[in-house]
$ cat data09.cif   # mmCIF, C-alpha atoms
data_data
loop_
_atom_site.label_atom_id
_atom_site.label_comp_id
_atom_site.auth_asym_id
_atom_site.auth_seq_id
_atom_site.Cartn_x
_atom_site.Cartn_y
_atom_site.Cartn_z
CA MET A 26 127.41 36.47 110.24
CA VAL A 27 126.30 38.72 107.37
CA LYS A 28 129.61 38.16 105.59
CA LEU A 29 129.34 34.36 106.00
CA TYR A 30 125.82 34.41 104.63
CA LEU A 31 126.59 36.66 101.66
CA GLU A 32 129.65 34.58 100.68
CA GLY A 33 127.40 31.52 100.63
CA HIS A 34 129.22 29.56 103.28
CA ARG A 35 126.39 29.38 105.81
CA SER A 36 122.60 29.48 105.87
CA MET A 37 120.55 31.79 108.09
CA ALA A 38 119.18 28.82 110.05
CA SER A 39 122.64 27.46 110.92
CA LEU A 40 123.89 30.95 111.88
CA SER A 41 120.81 31.42 114.06
CA ARG A 42 121.40 28.14 115.90
CA GLU A 43 125.10 28.78 116.38
CA TYR A 44 124.97 32.43 117.53
CA GLY A 45 121.53 32.40 119.21
CA VAL A 46 120.16 35.17 116.98
CA THR A 47 116.79 35.03 115.26
CA THR A 48 116.68 34.59 111.51
CA TRP A 49 114.59 37.82 111.29
CA SER A 50 117.45 39.85 112.78
CA ILE A 51 119.99 38.26 110.43
CA SER A 52 117.70 38.96 107.47
CA LYS A 53 117.38 42.60 108.55
CA TRP A 54 121.15 43.01 108.80
CA VAL A 55 121.64 41.44 105.40
CA LYS A 56 119.14 43.81 103.75
CA SER A 57 120.77 46.86 105.35
CA ILE A 58 124.14 46.25 103.64
CA GLU A 59 123.07 44.24 100.62
CA PRO A 60 124.15 46.14 97.48
CA ILE A 61 121.37 47.96 95.55
CA LYS A 62 122.07 48.83 91.93
CA LEU A 63 121.07 52.31 90.85
CA SER A 64 119.92 53.46 87.41
CA ASN A 65 123.26 55.21 86.77
CA GLY A 66 125.16 51.95 87.32
CA LYS A 67 126.45 52.80 90.80
CA GLN A 68 125.73 50.73 93.87
CA THR A 69 124.48 51.66 97.33
CA ASN A 70 122.75 49.97 100.21
CA LEU A 71 119.75 50.52 102.47
CA THR A 72 121.84 51.96 105.31
CA GLU A 73 123.32 54.66 103.08
CA ILE A 74 119.84 55.52 101.76
CA LYS A 75 118.47 55.86 105.29
CA ASP A 76 121.44 58.04 106.31
CA LEU A 77 120.86 60.23 103.25
CA ILE A 78 117.14 60.61 104.07
CA LYS A 79 118.02 61.53 107.66
CA GLU A 80 120.56 64.12 106.50
CA ASN A 81 118.09 65.66 104.06
CA LYS A 82 115.51 65.91 106.83
CA ARG A 83 118.03 67.62 109.10
CA LEU A 84 119.07 70.12 106.41
CA LYS A 85 115.43 70.86 105.60
CA GLU A 86 114.69 71.51 109.26
CA GLU A 87 117.70 73.84 109.55
CA ASN A 88 116.67 75.79 106.45
CA GLU A 89 113.09 76.17 107.68
CA ILE A 90 114.30 77.44 111.07
CA LEU A 91 116.56 80.02 109.43
CA LYS A 92 113.81 81.02 106.99
CA PHE A 93 111.21 81.43 109.74
CA SER A 94 113.59 83.48 111.90
CA GLY A 95 114.09 85.92 109.01
CA GLY A 96 117.86 85.68 109.01
CA ILE A 97 118.14 87.24 112.46
CA THR A 98 121.66 87.17 113.89
CA ARG A 99 122.76 86.24 117.39
CA LYS A 100 123.53 89.88 118.25
CA GLU A 101 119.95 90.87 117.40
CA ILE A 102 118.38 88.17 119.58
CA LYS A 103 117.60 89.46 123.06
CA LEU A 104 115.60 88.14 125.99
CA LYS A 105 112.15 89.24 124.84
CA ASN A 106 112.28 88.54 121.11
CA GLY A 107 114.43 85.43 121.62
CA LEU A 108 111.93 83.64 123.83
CA VAL A 109 109.04 84.56 121.52
CA LEU A 110 110.92 83.26 118.47
CA ILE A 111 111.95 80.01 120.16
CA GLU A 112 108.39 79.41 121.39
CA LYS A 113 106.96 79.90 117.90
CA LEU A 114 109.53 77.52 116.39
CA CYS A 115 108.77 74.87 119.02
CA GLN A 116 105.05 75.19 118.26
CA ARG A 117 105.85 74.41 114.62
CA GLY A 118 107.38 71.10 115.72
CA TYR A 119 111.09 71.91 115.48
CA ARG A 120 113.43 70.40 118.03
CA LEU A 121 114.77 72.73 120.73
CA THR A 122 118.33 71.44 120.28
CA MET A 123 118.22 72.21 116.57
CA ILE A 124 116.68 75.65 117.17
CA LEU A 125 119.36 76.70 119.67
CA ASN A 126 122.10 75.31 117.43
CA LYS A 127 121.02 77.19 114.31
CA LEU A 128 120.32 80.45 116.16
CA ARG A 129 123.67 80.07 117.94
CA ILE A 130 122.10 80.49 121.36
CA PRO A 131 123.91 78.61 124.16
CA ARG A 132 121.64 76.28 126.09
CA GLN A 133 122.60 78.00 129.36
CA THR A 134 121.58 81.37 127.92
CA TYR A 135 118.19 79.96 126.97
CA TYR A 136 117.55 78.63 130.49
CA ASN A 137 118.74 81.94 131.98
CA TRP A 138 116.12 83.69 129.84
CA ILE A 139 113.38 81.33 131.08
CA ASN A 140 114.30 81.93 134.74
CA HIS A 141 114.92 85.65 134.31
CA HIS A 142 113.47 88.09 136.87
CA PRO A 143 113.37 91.75 135.72
CA SER A 144 115.55 94.15 137.69
CA ARG A 145 114.27 97.43 139.11
CA ARG A 146 115.84 99.26 136.16
CA GLU A 147 114.00 97.03 133.68
CA GLN A 148 110.73 97.52 135.56
CA ASP A 149 111.24 101.31 135.39
CA ASP A 150 111.96 101.03 131.66
CA GLN A 151 108.67 99.19 131.13
CA ARG A 152 106.74 101.77 133.14
CA ILE A 153 108.34 104.78 131.42
CA GLY A 154 108.08 103.12 128.00
CA LYS A 155 104.33 102.64 128.38
CA ILE A 156 103.93 106.29 129.40
CA MET A 157 105.96 107.37 126.35
CA LEU A 158 103.83 105.14 124.12
CA ASN A 159 100.61 106.69 125.43
CA ILE A 160 101.97 110.23 124.99
CA TRP A 161 103.05 109.41 121.44
CA ARG A 162 99.65 107.94 120.52
CA ASP A 163 97.70 110.76 122.19
CA ASN A 164 99.60 113.37 120.18
CA TYR A 165 99.01 112.13 116.63
CA LYS A 166 102.18 109.95 116.70
CA VAL A 167 104.32 112.94 115.76
CA TYR A 168 106.44 113.35 118.89
CA GLY A 169 110.12 112.60 118.57
CA ARG A 170 112.79 112.48 121.25
CA PRO A 171 112.82 116.22 122.23
CA CYS A 172 109.03 116.45 122.62
CA LEU A 173 108.79 113.17 124.52
CA GLN A 174 111.54 114.32 126.87
CA MET A 175 109.63 117.53 127.62
CA ALA A 176 106.30 115.72 127.94
CA LEU A 177 107.77 113.28 130.49
CA ARG A 178 108.55 116.23 132.76
CA SER A 179 104.82 116.65 133.37
CA PHE A 180 104.96 113.14 134.90
CA VAL A 181 107.99 114.21 137.01
CA ILE A 182 110.18 111.88 134.97
CA ARG A 183 113.62 113.19 134.03
CA ILE A 184 115.77 110.76 132.09
CA GLY A 185 118.69 111.15 129.70
CA THR A 186 118.66 111.37 125.93
CA SER A 187 120.28 107.98 125.38
CA ARG A 188 117.73 106.21 127.55
CA ILE A 189 114.81 107.85 125.74
CA ILE A 190 116.25 106.83 122.37
CA ARG A 191 116.73 103.25 123.61
CA LEU A 192 113.14 103.08 124.88
CA MET A 193 111.85 104.53 121.61
CA HIS A 194 113.58 101.69 119.74
CA GLN A 195 112.29 99.15 122.25
CA PHE A 196 108.64 100.29 121.97
CA ASN A 197 108.86 101.08 118.24
CA ILE A 198 108.18 104.80 118.71
CA ARG A 199 109.22 107.17 115.94
CA SER A 200 108.10 110.58 114.80
CA LEU A 201 105.82 110.37 111.77
CA MET A 202 107.03 113.34 109.77
CA CYS A 203 105.63 114.43 106.43
CA ARG A 204 108.05 115.47 103.71
CA ARG A 205 108.98 119.12 103.43
CA PHE A 206 107.23 121.05 100.69
CA LYS A 207 109.24 123.21 98.35
CA LYS A 208 108.46 126.85 99.01
CA THR A 209 107.20 128.74 95.97
CA GLY A 210 108.64 132.05 94.85
CA THR A 211 107.17 135.34 96.06
CA HIS A 212 106.44 138.65 94.37
CA VAL A 213 105.41 141.97 95.92
CA ASP A 214 104.74 145.37 94.36
CA TYR A 215 106.37 147.39 97.12
CA ASP A 216 109.91 148.70 97.41
CA GLN A 217 112.11 146.81 99.80
CA ARG A 218 111.84 148.08 103.38
CA PRO A 219 114.69 147.85 105.91
CA ASN A 220 115.61 144.85 108.03
CA LEU A 221 116.19 146.57 111.37
CA ILE A 222 117.01 143.47 113.42
CA LYS A 223 119.63 141.91 111.16
CA ASN A 224 122.54 143.06 113.29
CA CYS A 225 120.68 143.78 116.52
CA ASP A 226 121.94 142.88 119.97
CA LYS A 227 120.34 139.71 121.37
CA LYS A 228 119.16 141.68 124.39
CA VAL A 229 116.80 143.73 122.22
CA SER A 230 113.12 142.77 122.55
CA ILE A 231 111.85 141.34 119.22
CA TRP A 232 108.57 139.80 118.10
CA ARG A 233 108.18 137.93 114.83
CA THR A 234 104.88 137.50 112.97
CA TYR A 235 103.72 135.49 109.97
CA ILE A 236 100.58 134.19 108.21
CA THR A 237 100.16 130.66 106.82
CA TYR A 238 97.23 128.81 105.24
CA ILE A 239 95.62 125.56 106.35
CA GLU A 240 93.20 123.39 104.35
CA GLU A 241 90.42 122.85 106.87
CA TYR A 242 88.65 120.42 104.55
CA PRO A 243 88.86 119.86 100.77
CA GLY A 244 88.31 123.12 98.96
CA HIS A 245 88.09 125.29 102.10
CA TRP A 246 91.06 127.19 103.53
CA VAL A 247 91.62 129.08 106.76
CA TYR A 248 94.51 131.37 107.67
CA LEU A 249 96.64 131.27 110.79
CA SER A 250 98.35 134.43 112.02
CA SER A 251 100.78 134.06 114.93
CA ILE A 252 103.36 136.06 116.87
CA TYR A 253 106.55 134.60 118.26
CA SER A 254 108.60 136.16 121.05
CA GLU A 255 112.36 135.74 120.81
CA SER A 256 112.91 136.53 124.47
CA ASN A 257 111.10 133.41 125.77
CA HIS A 258 110.95 131.35 122.52
CA LYS A 259 107.18 130.94 122.57
CA ILE A 260 104.10 131.68 120.49
CA ILE A 261 102.45 134.44 122.50
CA ALA A 262 99.39 135.11 120.29
CA TYR A 263 97.59 133.58 117.34
CA LYS A 264 94.33 133.89 115.45
CA VAL A 265 92.58 131.73 112.85
CA ALA A 266 90.31 133.38 110.28
CA ASN A 267 88.57 132.57 107.02
CA GLN A 268 90.06 135.57 105.22
CA MET A 269 93.63 136.84 105.04
CA THR A 270 93.13 140.56 105.65
CA SER A 271 94.87 143.33 107.54
CA ASN A 272 92.31 142.87 110.33
CA LEU A 273 93.72 139.40 110.95
CA VAL A 274 97.26 140.64 111.65
CA THR A 275 96.18 143.70 113.62
CA ASP A 276 93.87 141.63 115.84
CA THR A 277 96.73 139.17 116.49
CA LEU A 278 99.02 142.04 117.49
CA LYS A 279 96.39 143.53 119.79
CA MET A 280 95.95 140.15 121.43
CA ALA A 281 99.68 139.91 122.10
CA LEU A 282 99.88 143.48 123.45
CA SER A 283 96.98 142.81 125.83
CA HIS A 284 98.99 140.14 127.67
CA HIS A 285 102.62 141.06 127.08
CA LYS A 286 104.88 144.08 127.29
CA ARG A 287 105.39 145.72 123.91
CA PRO A 288 108.69 144.92 122.15
CA GLN A 289 111.11 147.32 120.54
CA PHE A 290 110.82 145.66 117.11
CA ILE A 291 108.34 143.47 115.26
CA HIS A 292 109.62 141.58 112.22
CA SER A 293 107.51 140.35 109.28
CA ASP A 294 107.69 139.68 105.56
CA MET A 295 106.65 142.12 102.84
CA GLY A 296 103.10 140.80 102.57
CA SER A 297 100.28 143.26 101.85
CA GLN A 298 98.73 142.71 105.29
CA TYR A 299 101.94 143.82 107.02
CA THR A 300 102.55 146.80 104.70
CA SER A 301 98.95 148.01 105.02
CA ASN A 302 98.19 151.41 106.54
CA GLN A 303 96.05 149.79 109.22
CA PHE A 304 98.91 147.68 110.55
CA GLU A 305 101.48 150.48 110.21
CA GLN A 306 99.25 152.94 112.06
CA LEU A 307 98.81 150.50 114.94
CA LEU A 308 102.58 150.05 115.21
CA LYS A 309 103.09 153.79 115.16
CA LYS A 310 100.48 154.23 117.87
CA VAL A 311 102.07 151.69 120.24
CA LYS A 312 105.61 152.86 119.33
CA ILE A 313 106.96 149.60 117.84
CA GLN A 314 109.50 149.73 115.03
CA HIS A 315 108.72 147.56 112.01
CA SER A 316 111.45 145.37 110.49
CA TYR A 317 111.05 143.48 107.20
CA SER A 318 112.51 140.35 105.61
CA LEU A 319 114.24 140.61 102.26
CA LYS A 320 111.94 139.72 99.36
CA GLY A 321 112.04 135.98 98.69
CA HIS A 322 114.18 135.27 101.80
CA PRO A 323 111.94 133.47 104.34
CA TYR A 324 115.00 132.54 106.42
CA ASP A 325 115.14 136.16 107.62
CA ASN A 326 112.05 135.26 109.65
CA GLY A 327 113.27 131.75 110.42
CA PRO A 328 111.87 130.99 113.92
CA ILE A 329 108.23 131.80 113.12
CA GLU A 330 108.53 130.13 109.69
CA ALA A 331 109.89 127.05 111.47
CA PHE A 332 106.92 126.98 113.84
CA HIS A 333 104.44 127.02 110.97
CA SER A 334 106.44 124.44 109.02
CA ILE A 335 106.60 121.98 111.91
CA PHE A 336 103.00 122.61 112.89
CA LYS A 337 101.70 121.90 109.37
CA ARG A 338 103.94 118.89 108.74
CA GLU A 339 103.08 117.24 112.05
CA PHE A 340 99.52 118.29 112.85
CA VAL A 341 97.98 119.17 109.49
CA TYR A 342 99.40 117.09 106.62
CA LEU A 343 99.52 113.84 108.63
CA THR A 344 95.96 114.24 109.97
CA LYS A 345 94.44 115.95 106.95
CA GLY A 346 90.66 115.71 106.90
CA SER A 347 90.38 114.54 110.52
CA TYR A 348 89.11 117.91 111.76
CA VAL A 349 86.19 120.03 110.57
CA ASN A 350 86.37 123.36 112.42
CA ASN A 351 88.70 126.04 113.72
CA SER A 352 88.46 124.88 117.34
CA ASP A 353 90.39 121.69 116.62
CA ILE A 354 93.07 123.66 114.81
CA LYS A 355 93.39 125.87 117.90
CA ILE A 356 93.73 122.81 120.12
CA ARG A 357 96.63 121.62 117.99
CA ILE A 358 98.29 125.03 118.17
CA ASN A 359 98.04 124.81 121.96
CA PHE A 360 99.92 121.51 121.80
CA GLU A 361 102.67 123.33 119.90
CA LYS A 362 102.73 126.18 122.43
CA ARG A 363 102.82 123.81 125.37
CA PHE A 364 105.73 121.68 124.28
CA ASN A 365 107.46 124.51 122.42
CA TYR A 366 109.34 123.12 119.44
CA LEU A 367 111.09 126.46 118.99
CA THR A 368 113.11 125.97 122.18
CA TYR A 369 115.59 124.11 119.98
CA TRP A 370 116.11 126.96 117.57
#
$ encode --input "data09.cif" --output "structure tokens"
Amino acid sequence: MVKLYLEGHRSMASLSREYGVTTWSISKWVKSIEPIKLSNGKQTNLTEIKDLIKENKRLKEENEILKFSGGITRKEIKLKNGLVLIEKLCQRGYRLTMILNKLRIPRQTYYNWINHHPSRREQDDQRIGKIMLNIWRDNYKVYGRPCLQMALRSFVIRIGTSRIIRLMHQFNIRSLMCRRFKKTGTHVDYDQRPNLIKNCDKKVSIWRTYITYIEEYPGHWVYLSSIYSESNHKIIAYKVANQMTSNLVTDTLKMALSHHKRPQFIHSDMGSQYTSNQFEQLLKKVKIQHSYSLKGHPYDNGPIEAFHSIFKREFVYLTKGSYVNNSDIKIRINFEKRFNYLTYW
């Protein structure tokens, strides 16, 4: 009919009477294929223009879906994040068919997600994950996998390393570690004293001691003296003071001796507090041999140095200014003693 009309052989009225079609319908068909001349000299028609508009709309919708999803791939889309993403896209007015097509999610997979019922294993993961999250938040967000694994034992929960790592990823738990600070050089005015434990048998009883500084609040420093036992890998005594004197180290040693059997050796650096007559006389009195690190070699006293390094990076630098007195510092040291980072040395 359209061809007969365009070639001029028939009128719309005669075609309408013969074929029983309204003249409005014939007019609509004619307009849809009637040539339209463009500015560049080419010709098109209304049908092609409508198809082009429809295609542009489809491509725009696809691009917006991909842009909103952040370029996430099919392998990264799981049950939880997949349903959330699809729901958000549907709320923005995108068609479900288009969403599933562009995200490459089979329709059956989508309906399986909707009707999913968590297994007992998944329920346990949610329960343990929430406990891990609370432990992590309650401990300054510094616990990593080893500390979380030890902390879970207090809840009578013993799970493997791989499962803990998976749950940490699932609940976005990660240890907030501060960068390591470069250790400055050291200088002492004393002759080097012997390192008696360098080649000692592991069965020999050894304590290690060290002093570090902590900025309690801007412009005010306190000093932490601690003693580490190699036999049980724990901090057995510590003291916090406002001055770094020989009294600080001798009081720490007395505290350790009051609760623990004396060792054969105690190892320290060549600091003036440890080479003082007061400290040496106490060691002589309790019959403990004194071993020293080589000047400028902190690794000779590695375990106790590691304790102070981890303690300051996790509980001091990251929470700087959040405490105002020595009692809070002591609480944080007790956290370190309880979960015992040095077990992994």
$ residues_around --input "data09.cif" --residues "stretch 146-151 of chain A" --least-positions-apart "4" --cutoff "12 Å" --atoms "all atoms listed in the file" --output "PyMOL selection string"
chain A and resi 104-105+141-142+155-158+182+184+188-193+195-196
$ write_last_selection --input "data09.cif" --atoms "C-alpha atoms" --output "compact mmCIF listing (two decimals), in the coordinates of the input"
# COMPACT_ATOMS: atom_id res chain seq x y z
CA LEU A 104 115.60 88.14 125.99
CA LYS A 105 112.15 89.24 124.84
CA HIS A 141 114.92 85.65 134.31
CA HIS A 142 113.47 88.09 136.87
CA LYS A 155 104.33 102.64 128.38
CA ILE A 156 103.93 106.29 129.40
CA MET A 157 105.96 107.37 126.35
CA LEU A 158 103.83 105.14 124.12
CA ILE A 182 110.18 111.88 134.97
CA ILE A 184 115.77 110.76 132.09
CA ARG A 188 117.73 106.21 127.55
CA ILE A 189 114.81 107.85 125.74
CA ILE A 190 116.25 106.83 122.37
CA ARG A 191 116.73 103.25 123.61
CA LEU A 192 113.14 103.08 124.88
CA MET A 193 111.85 104.53 121.61
CA GLN A 195 112.29 99.15 122.25
CA PHE A 196 108.64 100.29 121.97
$ resolve_selection --input "data09.cif" --expression "the PyMOL selection byres ((chain A and resi 290-304) around 7)" --output "PyMOL selection string"
chain A and resi 230-235+270-271+274-275+288-289+305-308+313-318+320+326
$ write_last_selection --input "data09.cif" --atoms "C-alpha atoms" --output "PDB file, keeping the file's coordinate frame"
ATOM      1  CA  SER A 230     113.120 142.770 122.550  1.00  0.00           C
ATOM      2  CA  ILE A 231     111.850 141.340 119.220  1.00  0.00           C
ATOM      3  CA  TRP A 232     108.570 139.800 118.100  1.00  0.00           C
ATOM      4  CA  ARG A 233     108.180 137.930 114.830  1.00  0.00           C
ATOM      5  CA  THR A 234     104.880 137.500 112.970  1.00  0.00           C
ATOM      6  CA  TYR A 235     103.720 135.490 109.970  1.00  0.00           C
ATOM      7  CA  THR A 270      93.130 140.560 105.650  1.00  0.00           C
ATOM      8  CA  SER A 271      94.870 143.330 107.540  1.00  0.00           C
ATOM      9  CA  VAL A 274      97.260 140.640 111.650  1.00  0.00           C
ATOM     10  CA  THR A 275      96.180 143.700 113.620  1.00  0.00           C
ATOM     11  CA  PRO A 288     108.690 144.920 122.150  1.00  0.00           C
ATOM     12  CA  GLN A 289     111.110 147.320 120.540  1.00  0.00           C
ATOM     13  CA  GLU A 305     101.480 150.480 110.210  1.00  0.00           C
ATOM     14  CA  GLN A 306      99.250 152.940 112.060  1.00  0.00           C
ATOM     15  CA  LEU A 307      98.810 150.500 114.940  1.00  0.00           C
ATOM     16  CA  LEU A 308     102.580 150.050 115.210  1.00  0.00           C
ATOM     17  CA  ILE A 313     106.960 149.600 117.840  1.00  0.00           C
ATOM     18  CA  GLN A 314     109.500 149.730 115.030  1.00  0.00           C
ATOM     19  CA  HIS A 315     108.720 147.560 112.010  1.00  0.00           C
ATOM     20  CA  SER A 316     111.450 145.370 110.490  1.00  0.00           C
ATOM     21  CA  TYR A 317     111.050 143.480 107.200  1.00  0.00           C
ATOM     22  CA  SER A 318     112.510 140.350 105.610  1.00  0.00           C
ATOM     23  CA  LYS A 320     111.940 139.720  99.360  1.00  0.00           C
ATOM     24  CA  ASN A 326     112.050 135.260 109.650  1.00  0.00           C
TER      25      ASN A 326
END
$ resolve_selection --input "data09.cif" --expression "the PyMOL selection byres ((chain A and resi 173) around 10)" --output "list in words"
Ile156, Met157, Leu158, Ile160, Trp161, Val167, Tyr168, Gly169, Arg170, Pro171, Cys172, Gln174, Met175, Ala176, Leu177, Arg178, Ile189, Met193 and Phe364 of chain A
$ write_last_selection --input "data09.cif" --atoms "C-alpha atoms" --output "mmCIF file, keeping the file's coordinate frame"
data_model
loop_
_atom_site.group_PDB
_atom_site.id
_atom_site.type_symbol
_atom_site.label_atom_id
_atom_site.label_comp_id
_atom_site.auth_asym_id
_atom_site.auth_seq_id
_atom_site.Cartn_x
_atom_site.Cartn_y
_atom_site.Cartn_z
ATOM 1 C CA ILE A 156 103.930 106.290 129.400
ATOM 2 C CA MET A 157 105.960 107.370 126.350
ATOM 3 C CA LEU A 158 103.830 105.140 124.120
ATOM 4 C CA ILE A 160 101.970 110.230 124.990
ATOM 5 C CA TRP A 161 103.050 109.410 121.440
ATOM 6 C CA VAL A 167 104.320 112.940 115.760
ATOM 7 C CA TYR A 168 106.440 113.350 118.890
ATOM 8 C CA GLY A 169 110.120 112.600 118.570
ATOM 9 C CA ARG A 170 112.790 112.480 121.250
ATOM 10 C CA PRO A 171 112.820 116.220 122.230
ATOM 11 C CA CYS A 172 109.030 116.450 122.620
ATOM 12 C CA GLN A 174 111.540 114.320 126.870
ATOM 13 C CA MET A 175 109.630 117.530 127.620
ATOM 14 C CA ALA A 176 106.300 115.720 127.940
ATOM 15 C CA LEU A 177 107.770 113.280 130.490
ATOM 16 C CA ARG A 178 108.550 116.230 132.760
ATOM 17 C CA ILE A 189 114.810 107.850 125.740
ATOM 18 C CA MET A 193 111.850 104.530 121.610
ATOM 19 C CA PHE A 364 105.730 121.680 124.280
#
$ residues_around --input "data09.cif" --residues "A:Asn137" --least-positions-apart "6" --cutoff "12 Å" --atoms "only C-alpha atoms" --output "list in words"
Lys103, Leu104, Gly107, Leu108, Ile130, Pro131 and Pro143 of chain A
$ residues_near_point --input "data09.cif" --point "(117.4, 68.4, 111.7)" --cutoff "12 Å" --atoms "only C-alpha atoms" --output "mmCIF file with C-alpha atoms, in the coordinates of the input"
data_model
loop_
_atom_site.group_PDB
_atom_site.id
_atom_site.type_symbol
_atom_site.label_atom_id
_atom_site.label_comp_id
_atom_site.auth_asym_id
_atom_site.auth_seq_id
_atom_site.Cartn_x
_atom_site.Cartn_y
_atom_site.Cartn_z
ATOM 1 C CA ILE A 78 117.140 60.610 104.070
ATOM 2 C CA LYS A 79 118.020 61.530 107.660
ATOM 3 C CA GLU A 80 120.560 64.120 106.500
ATOM 4 C CA ASN A 81 118.090 65.660 104.060
ATOM 5 C CA LYS A 82 115.510 65.910 106.830
ATOM 6 C CA ARG A 83 118.030 67.620 109.100
ATOM 7 C CA LEU A 84 119.070 70.120 106.410
ATOM 8 C CA LYS A 85 115.430 70.860 105.600
ATOM 9 C CA GLU A 86 114.690 71.510 109.260
ATOM 10 C CA GLU A 87 117.700 73.840 109.550
ATOM 11 C CA ASN A 88 116.670 75.790 106.450
ATOM 12 C CA GLU A 89 113.090 76.170 107.680
ATOM 13 C CA ILE A 90 114.300 77.440 111.070
ATOM 14 C CA LEU A 91 116.560 80.020 109.430
ATOM 15 C CA GLY A 118 107.380 71.100 115.720
ATOM 16 C CA TYR A 119 111.090 71.910 115.480
ATOM 17 C CA ARG A 120 113.430 70.400 118.030
ATOM 18 C CA LEU A 121 114.770 72.730 120.730
ATOM 19 C CA THR A 122 118.330 71.440 120.280
ATOM 20 C CA MET A 123 118.220 72.210 116.570
ATOM 21 C CA ILE A 124 116.680 75.650 117.170
ATOM 22 C CA LEU A 125 119.360 76.700 119.670
ATOM 23 C CA ASN A 126 122.100 75.310 117.430
ATOM 24 C CA LYS A 127 121.020 77.190 114.310
#
$ closest_residue --input "data09.cif" --among "A:Trp246, A:Gln116, A:Cys225, A:Ser254" --to "A:His285" --atoms "only C-alpha atoms"
A:Ser254
$ atom_distance --input "data09.cif" --atom1 "atom CA of A:Lys227" --atom2 "atom CA of A:Ala281"
20.7 Å
$ residues_around --input "data09.cif" --residues "A:Leu71" --least-positions-apart "6" --cutoff "9 Å" --atoms "all atoms listed in the file" --output "list of chain:residue names"
A:Lys56, A:Ser57, A:Ile58, A:Glu59, A:Pro60, A:Ile61
$ atom_distance --input "data09.cif" --atom1 "atom CA of A:Asp325" --atom2 "atom CA of A:Asn257"
18.8 Å
$ atom_distance --input "data09.cif" --atom1 "atom CA of A:Glu339" --atom2 "atom CA of A:Gly321"
24.7 Å
$ residues_around --input "data09.cif" --residues "A:Met37" --least-positions-apart "3" --cutoff "7 Å" --atoms "all atoms listed in the file" --output "ChimeraX atom specification"
/A:30,40-41,48,51
$ closest_residue --input "data09.cif" --among "A:Met26, A:Glu73, A:His245, A:Glu255" --to "A:Glu43" --atoms "all atoms listed in the file"
A:Met26
$ closest_residue --input "data09.cif" --among "A:Arg35, A:Lys264, A:Arg287, A:Lys166" --to "A:Ser250" --atoms "all atoms listed in the file"
A:Lys264
$ closest_residue --input "data09.cif" --among "A:Ser256, A:Asn197, A:Ser334, A:Ser179" --to "A:Ile236" --atoms "all atoms listed in the file"
A:Ser334
$ closest_residue --input "data09.cif" --among "A:Ser39, A:Gln217, A:Ser251, A:Ser200" --to "A:Thr277" --atoms "all atoms listed in the file"
A:Ser251
$ closest_residue --input "data09.cif" --among "A:Val247, A:Met280, A:Val55, A:Ile252" --to "A:Val265" --atoms "all atoms listed in the file"
A:Val247
